[in-house]
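Structure below is run-v1.txt: compact mmCIF, C-alpha atoms.
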```
# COMPACT_ATOMS: atom_id res chain seq x y z
CA MET G 1 100.56 68.79 113.63
CA GLU G 2 103.42 70.00 115.80
CA HIS G 3 104.95 73.45 116.07
CA GLU G 4 107.29 75.25 118.49
CA VAL G 5 107.83 78.95 119.13
CA PHE G 6 110.41 80.67 121.36
CA VAL G 7 109.32 83.83 123.15
CA PRO G 8 111.75 85.97 125.17
CA VAL G 9 109.63 86.17 128.35
CA PRO G 10 109.48 83.96 131.46
CA GLU G 11 106.95 81.18 131.80
CA GLU G 12 104.78 82.72 134.53
CA PRO G 13 103.57 85.77 132.52
CA LEU G 14 102.48 83.39 129.74
CA ARG G 15 100.44 81.32 132.19
CA GLU G 16 98.78 84.49 133.47
CA ALA G 17 97.91 85.45 129.90
CA LEU G 18 96.44 82.00 129.13
CA ALA G 19 94.16 82.32 132.17
CA ASP G 20 92.77 85.67 130.97
CA PRO G 21 90.25 85.44 128.06
CA GLU G 22 90.78 89.12 127.26
CA ARG G 23 94.52 88.62 126.68
CA VAL G 24 93.88 85.39 124.77
CA ALA G 25 91.54 87.27 122.43
CA ARG G 26 94.12 90.03 121.88
CA ALA G 27 96.75 87.40 121.13
CA VAL G 28 94.81 85.93 118.19
CA PRO G 29 96.10 87.95 115.21
CA GLY G 30 93.35 89.75 113.31
CA LEU G 31 90.49 88.54 115.54
CA GLN G 32 87.41 90.80 115.59
CA ARG G 33 85.79 89.85 118.86
CA ASP G 34 82.00 89.84 119.23
CA ALA G 35 80.68 92.49 121.61
CA ASP G 36 77.89 90.27 123.02
CA PRO G 37 78.50 86.59 122.23
CA GLY G 38 75.79 85.31 124.59
CA PRO G 39 75.84 83.47 127.95
CA ASP G 40 76.56 80.01 126.51
CA ALA G 41 79.27 81.10 124.06
CA PRO G 42 82.95 80.22 124.50
CA PRO G 43 85.13 82.80 126.31
CA VAL G 44 86.63 83.97 123.00
CA VAL G 45 84.19 84.46 120.10
CA GLY G 46 84.60 86.48 116.96
CA ARG G 47 85.54 86.68 113.30
CA LEU G 48 88.92 85.79 111.85
CA LYS G 49 90.16 86.29 108.29
CA VAL G 50 92.61 83.62 107.12
CA ARG G 51 94.77 83.74 103.97
CA ALA G 52 96.10 80.42 102.73
CA GLY G 53 97.02 79.10 99.30
CA GLY G 54 95.65 82.08 97.41
CA HIS G 55 92.34 81.93 99.33
CA THR G 56 91.04 84.52 101.79
CA ILE G 57 88.43 82.98 104.07
CA THR G 58 86.55 84.66 106.92
CA TYR G 59 85.50 82.39 109.77
CA ARG G 60 83.22 82.99 112.70
CA GLY G 61 83.68 80.77 115.73
CA GLY G 62 84.88 80.33 119.29
CA LEU G 63 87.95 79.26 121.25
CA ARG G 64 88.38 77.65 124.67
CA ILE G 65 91.55 77.19 126.70
CA ALA G 66 91.58 74.99 129.82
CA ALA G 67 94.48 74.05 132.09
CA ARG G 68 95.48 70.38 132.18
CA GLY G 69 96.74 68.38 135.12
CA ASP G 70 100.17 67.91 133.54
CA GLY G 71 100.85 71.65 133.35
CA GLY G 72 99.74 71.99 129.75
CA TYR G 73 96.64 73.56 128.24
CA ALA G 74 93.85 72.13 126.10
CA VAL G 75 92.96 74.44 123.22
CA THR G 76 89.76 73.62 121.35
CA GLY G 77 87.85 75.59 118.77
CA GLU G 78 85.25 75.48 116.04
CA ALA G 79 84.49 77.95 113.27
CA HIS G 80 82.27 78.24 110.20
CA GLU G 81 82.74 80.17 107.02
CA ALA G 82 81.03 83.56 107.11
CA ARG G 83 80.16 83.10 103.41
CA GLY G 84 79.84 79.43 102.70
CA SER G 85 79.11 76.10 104.32
CA GLY G 86 82.66 75.08 105.23
CA ALA G 87 83.73 74.49 108.82
CA VAL G 88 86.93 73.94 110.79
CA THR G 89 87.44 72.16 114.13
CA PHE G 90 90.70 71.70 116.00
CA SER G 91 91.99 70.26 119.26
CA LEU G 92 95.48 71.23 120.41
CA VAL G 93 97.67 70.78 123.45
CA LEU G 94 99.81 73.79 124.38
CA ARG G 95 102.84 73.32 126.64
CA LEU G 96 105.29 75.77 128.16
CA ALA G 97 108.90 74.96 128.99
CA ALA G 98 111.58 77.25 130.39
CA ALA G 99 114.33 78.00 127.88
CA ALA G 100 117.73 79.65 127.96
CA GLU G 101 118.19 83.33 128.87
CA GLY G 102 114.86 83.59 130.68
CA GLY G 103 112.71 82.76 127.66
CA THR G 104 110.02 80.13 127.16
CA GLN G 105 109.49 77.46 124.55
CA VAL G 106 105.83 77.25 123.51
CA SER G 107 104.90 73.99 121.77
CA PHE G 108 101.68 73.05 119.98
CA SER G 109 100.52 69.55 119.06
CA GLY G 110 97.16 68.21 117.97
CA THR G 111 94.78 67.61 115.10
CA ALA G 112 92.38 69.60 112.94
CA SER G 113 89.69 68.82 110.39
CA ALA G 114 88.17 71.08 107.77
CA ASP G 115 85.95 71.15 104.71
CA GLY G 116 84.85 73.82 102.30
CA ARG G 117 87.25 76.35 100.82
CA VAL G 118 90.20 75.53 103.07
CA ALA G 119 89.94 71.86 102.09
CA GLU G 120 90.20 72.93 98.46
CA ALA G 121 93.27 75.00 99.32
CA VAL G 122 94.88 71.96 100.97
CA LYS G 123 94.41 69.94 97.78
CA THR G 124 95.96 72.60 95.52
CA SER G 125 98.71 73.90 97.83
CA PRO G 126 99.20 71.98 101.09
CA GLN G 127 102.53 73.70 101.82
CA ALA G 128 100.89 77.14 101.68
CA VAL G 129 98.16 76.08 104.11
CA GLU G 130 100.68 74.55 106.50
CA SER G 131 102.77 77.73 106.37
CA ALA G 132 99.71 79.86 107.13
CA VAL G 133 98.81 77.69 110.14
CA ARG G 134 102.35 77.80 111.53
CA ARG G 135 102.45 81.58 111.06
CA LEU G 136 99.14 81.91 112.92
CA LEU G 137 100.39 79.84 115.86
CA ALA G 138 103.67 81.77 116.02
CA ARG G 139 101.90 85.11 116.10
CA PHE G 140 99.51 83.80 118.75
CA ALA G 141 102.42 82.83 121.00
CA GLU G 142 104.05 86.22 120.46
CA GLY G 143 100.74 87.90 121.29
CA LEU G 144 100.56 86.03 124.60
CA ALA G 145 104.02 87.35 125.43
CA ALA G 146 102.96 90.96 124.82
CA PRO G 147 102.34 92.95 128.02
CA ALA G 148 98.79 93.50 129.16
CA ALA G 149 97.25 96.89 128.43
CA ASP G 150 97.11 97.70 132.15
CA ASP G 151 100.82 96.88 132.57
CA GLU G 152 102.07 99.21 129.81
CA PRO G 153 103.75 102.33 131.20
CA SER G 154 101.77 105.49 130.63
CA ALA G 155 103.32 108.62 129.21
CA PRO G 156 104.39 111.31 131.70
CA ALA G 157 102.16 114.34 132.13
CA GLY G 158 102.51 116.77 129.26
CA VAL G 159 104.08 114.20 126.94
CA SER G 160 102.18 112.66 124.03
CA ARG G 161 102.92 109.10 122.85
CA VAL G 162 103.04 108.59 119.07
CA PHE G 163 103.97 105.15 117.72
CA ASP G 164 105.46 104.25 121.15
CA ALA G 165 107.80 107.25 120.97
CA GLU G 166 107.60 109.97 123.60
CA VAL G 167 107.32 113.37 121.96
CA PRO G 168 107.37 116.45 124.23
CA PRO G 169 104.81 119.14 123.42
CA PRO G 170 106.11 122.13 121.43
CA SER G 171 106.93 125.28 123.35
CA LEU G 172 105.96 128.72 122.06
CA GLU G 173 108.58 130.39 124.26
CA PRO G 174 111.83 128.43 123.86
CA LEU G 175 113.86 131.20 125.56
CA ALA G 176 111.51 131.80 128.48
CA ASP G 177 113.58 129.67 130.88
CA ALA G 178 116.99 130.38 129.38
CA GLY G 179 117.52 133.76 131.07
CA VAL G 180 118.62 135.60 127.93
CA GLY G 181 117.83 139.21 127.08
CA PRO G 182 115.62 140.62 124.32
CA GLU G 183 118.58 141.25 122.02
CA ALA G 184 119.71 137.63 122.16
CA ALA G 185 116.17 136.40 121.68
CA HIS G 186 115.76 138.60 118.61
CA ALA G 187 119.08 137.38 117.18
CA ARG G 188 118.12 133.77 117.73
CA ARG G 189 114.73 134.19 116.06
CA THR G 190 116.49 135.88 113.15
CA MET G 191 118.81 132.90 112.73
CA ILE G 192 116.26 130.12 113.08
CA GLY G 193 113.21 131.90 111.64
CA ARG G 194 110.16 133.36 113.20
CA SER G 195 108.72 131.70 116.27
CA ALA G 196 105.47 129.77 116.26
CA GLU G 197 103.74 132.60 118.11
CA GLU G 198 104.83 135.13 115.49
CA VAL G 199 103.68 132.85 112.68
CA ASP G 200 100.30 132.34 114.32
CA HIS G 201 99.74 136.09 114.68
CA ALA G 202 101.31 137.22 111.40
CA PRO G 203 98.81 138.64 108.90
CA PRO G 204 98.32 136.68 105.68
CA ARG G 205 100.29 137.67 102.62
CA GLY G 206 99.94 137.40 98.85
CA ARG G 207 96.57 136.71 97.27
CA TYR G 208 95.02 136.09 100.72
CA ALA G 209 96.15 139.42 102.19
CA PRO G 210 93.25 141.57 103.50
CA VAL G 211 92.09 144.44 101.29
CA PRO G 212 93.02 147.78 102.92
CA ALA G 213 90.11 149.91 104.06
CA PRO G 214 89.43 153.07 101.99
CA GLU G 215 91.14 156.11 103.40
CA THR G 216 89.02 158.94 104.74
CA LEU G 217 89.45 162.46 103.42
CA GLY G 218 91.48 164.26 106.04
CA GLY G 219 94.50 166.53 106.22
CA GLY G 220 96.61 164.10 104.17
CA ALA G 221 94.04 164.03 101.37
CA ALA G 222 93.83 167.86 101.30
CA LEU G 223 97.60 168.12 100.94
CA ARG G 224 97.62 165.64 98.08
CA TRP G 225 95.00 167.71 96.19
CA ALA G 226 96.67 171.05 97.04
CA ALA G 227 100.02 170.19 95.45
CA PRO G 228 98.68 169.68 91.88
CA ALA G 229 96.46 172.76 92.19
CA ALA G 230 99.44 174.90 93.22
CA ALA G 231 101.42 173.61 90.26
CA VAL G 232 98.61 174.61 87.92
CA LEU G 233 98.47 178.12 89.40
CA VAL G 234 102.23 178.59 89.05
CA ALA G 235 102.14 177.47 85.42
CA SER G 236 99.26 179.86 84.67
CA ALA G 237 101.14 182.76 86.24
CA ILE G 238 104.19 182.06 84.09
CA VAL G 239 102.06 181.99 80.94
CA VAL G 240 100.37 185.32 81.83
CA THR G 241 103.74 186.96 82.59
CA ARG G 242 105.20 185.92 79.22
CA ALA G 243 102.09 187.25 77.40
CA LEU G 244 102.42 190.65 79.05
CA ARG G 245 106.10 190.89 78.11
CA LYS G 246 105.32 190.20 74.48
CA ARG G 247 102.73 193.00 74.43
CA ARG G 248 105.32 195.49 75.74
```
Can you turn what I pasted into structure tokens?
Amino acid sequence: MEHEVFVPVPEEPLREALADPERVARAVPGLQRDADPGPDAPPVVGRLKVRAGGHTITYRGGLRIAARGDGGYAVTGEAHEARGSGAVTFSLVLRLAAAAEGGTQVSFSGTASADGRVAEAVKTSPQAVESAVRRLLARFAEGLAAPAADDEPSAPAGVSRVFDAEVPPPSLEPLADAGVGPEAAHARRTMIGRSAEEVDHAPPRGRYAPVPAPETLGGGAALRWAAPAAAVLVASAIVVTRALRKRR
């Protein structure tokens, strides 16, 4: 098997990544690394789910990368099916070569053997299995080219990073530093809506509005009772006056 991938980074960062097992593990797409593989385990050990030819197979195994005298790297690995008796072994040679515009050509060559479910997939759809392997190698090379976690720039103080986009924190006083007066601030809030501070402190409306407390009987209540009583007295006086006139 032979495969080549172009990555737009210089050769030296790729060699640094290949010498670091942590970055090699991050470069393997979909690898779930074991927390405690043991003292005799390979530098990179974990579980990997592979989809090929309509089959989804989960393998558990290890990977080793060692520098060669000719400037290349020996990549060896072995894995077993998590649910089954199938196994896969491979031995590859990885080489780096400087390419145009500061990039690097990453080439893979070697052999692999397998039995179990992946062997059945090769019999039914060899092109699909080959495509899956080439896609895995391409993504591995691209993962090596990704910057290390310690080299990624951190967000400035007071700025949150969401999906690699810097988003400044919201301000509750957008006019505090603008030097405008209260009238202009009120006009601006009227045009663009209430500020976040006003919304946070506004009482709820509609069905969730608080029930008003019962009013105490005070001067206002006495006046409200006095008005109907006075009307009744006036009406009674009119009736009595008319009755007296009729008697006369």
**Prompt:** Any idea what's packed within 10 Å of G:Ala27, counting all atoms listed in the file, ignoring anything in its chain fewer than 3 positions away? Could you give it as a ChimeraX atom specification?
**Reply:** /G:17-18,21-24,30-31,137,139-146
So that all listed atoms of stretch 91-99 of chain G fit with 6 Å spare on each side, what axis-aligned box centre and edge lengths in Å, to one decimal, would you give as lines of an AutoDock Vina configuration file?
```
center_x = 103.2
center_y = 74.1
center_z = 124.8
size_x = 34.3
size_y = 19.7
size_z = 23.1
```
**Message:** What's the separation between atom CA of G:Gly72 and atom CA of G:Ser131, in Å to one decimal place?
**Reply:**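 Computing the Euclidean distance for atom CA of G:Gly72 and atom CA of G:Ser131 yields 24.3 Å.
Compared by their closest atoms to G:Val7, and using all atoms listed in the file, the residues G:Pro147, G:Gly116, G:Gly69, G:Gly102 rank with G:Gly102 nearest.
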**Prompt:** In Å, with one decimal, what is the gap from atom CA of G:Glu11 to atom CA of G:Thr104?
**Reply:** 5.7 Å
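Between atom CA of G:Leu96 and atom CA of G:Gly62 there is a distance of 22.7 Å.
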**Message:** So that I can check the surroundings of stretch 79-93 of chain G, please list as a PyMOL selection string every protein, DNA and RNA residue that reaches within 12 Å of it, counting all atoms listed in the file and ignoring chain neighbours fewer than 3 positions away.
**Reply:** chain G and resi 1-4+42+44-50+56-76+96+106-120+133+137
What would stretch 115-127 of chain G look like if you wrote it out as an mmCIF file, in the first residue's frame, with N, CA, C and O atoms included, from the block I just posted?
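Produced file selection05.cif, reproduced below:
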```cif
data_model
loop_
_atom_site.group_PDB
_atom_site.id
_atom_site.type_symbol
_atom_site.label_atom_id
_atom_site.label_comp_id
_atom_site.auth_asym_id
_atom_site.auth_seq_id
_atom_site.Cartn_x
_atom_site.Cartn_y
_atom_site.Cartn_z
ATOM 1 N N ASP G 115 -7.828 -10.314 9.664
ATOM 2 C CA ASP G 115 -8.844 -11.352 9.559
ATOM 3 C C ASP G 115 -10.065 -10.892 10.345
ATOM 4 O O ASP G 115 -10.066 -9.809 10.932
ATOM 5 N N GLY G 116 -11.090 -11.675 10.328
ATOM 6 C CA GLY G 116 -12.310 -11.283 11.022
ATOM 7 C C GLY G 116 -13.222 -10.453 10.140
ATOM 8 O O GLY G 116 -13.316 -10.663 8.921
ATOM 9 N N ARG G 117 -13.880 -9.489 10.711
ATOM 10 C CA ARG G 117 -14.905 -8.711 10.010
ATOM 11 C C ARG G 117 -14.323 -7.853 8.896
ATOM 12 O O ARG G 117 -14.933 -7.691 7.839
ATOM 13 N N VAL G 118 -13.123 -7.284 9.107
ATOM 14 C CA VAL G 118 -12.555 -6.454 8.052
ATOM 15 C C VAL G 118 -12.156 -7.299 6.849
ATOM 16 O O VAL G 118 -12.212 -6.841 5.692
ATOM 17 N N ALA G 119 -11.742 -8.547 7.081
ATOM 18 C CA ALA G 119 -11.428 -9.438 5.962
ATOM 19 C C ALA G 119 -12.678 -9.732 5.148
ATOM 20 O O ALA G 119 -12.628 -9.801 3.911
ATOM 21 N N GLU G 120 -13.822 -9.870 5.820
ATOM 22 C CA GLU G 120 -15.073 -10.060 5.098
ATOM 23 C C GLU G 120 -15.429 -8.818 4.287
ATOM 24 O O GLU G 120 -15.934 -8.922 3.165
ATOM 25 N N ALA G 121 -15.151 -7.638 4.848
ATOM 26 C CA ALA G 121 -15.436 -6.406 4.123
ATOM 27 C C ALA G 121 -14.556 -6.278 2.888
ATOM 28 O O ALA G 121 -14.994 -5.775 1.845
ATOM 29 N N VAL G 122 -13.311 -6.756 2.977
ATOM 30 C CA VAL G 122 -12.423 -6.707 1.812
ATOM 31 C C VAL G 122 -12.957 -7.584 0.692
ATOM 32 O O VAL G 122 -12.872 -7.238 -0.503
ATOM 33 N N LYS G 123 -13.520 -8.737 1.037
ATOM 34 C CA LYS G 123 -14.051 -9.640 0.014
ATOM 35 C C LYS G 123 -15.266 -9.044 -0.694
ATOM 36 O O LYS G 123 -15.421 -9.178 -1.903
ATOM 37 N N THR G 124 -16.134 -8.376 0.066
ATOM 38 C CA THR G 124 -17.371 -7.839 -0.527
ATOM 39 C C THR G 124 -17.161 -6.489 -1.198
ATOM 40 O O THR G 124 -17.780 -6.205 -2.221
ATOM 41 N N SER G 125 -16.281 -5.640 -0.627
ATOM 42 C CA SER G 125 -16.099 -4.294 -1.184
ATOM 43 C C SER G 125 -14.669 -3.822 -0.930
ATOM 44 O O SER G 125 -14.402 -3.036 -0.017
ATOM 45 N N PRO G 126 -13.718 -4.305 -1.721
ATOM 46 C CA PRO G 126 -12.315 -3.912 -1.491
ATOM 47 C C PRO G 126 -12.076 -2.422 -1.707
ATOM 48 O O PRO G 126 -11.243 -1.824 -1.024
ATOM 49 N N GLN G 127 -12.799 -1.804 -2.658
ATOM 50 C CA GLN G 127 -12.605 -0.378 -2.896
ATOM 51 C C GLN G 127 -13.018 0.450 -1.687
ATOM 52 O O GLN G 127 -12.361 1.444 -1.339
#
```
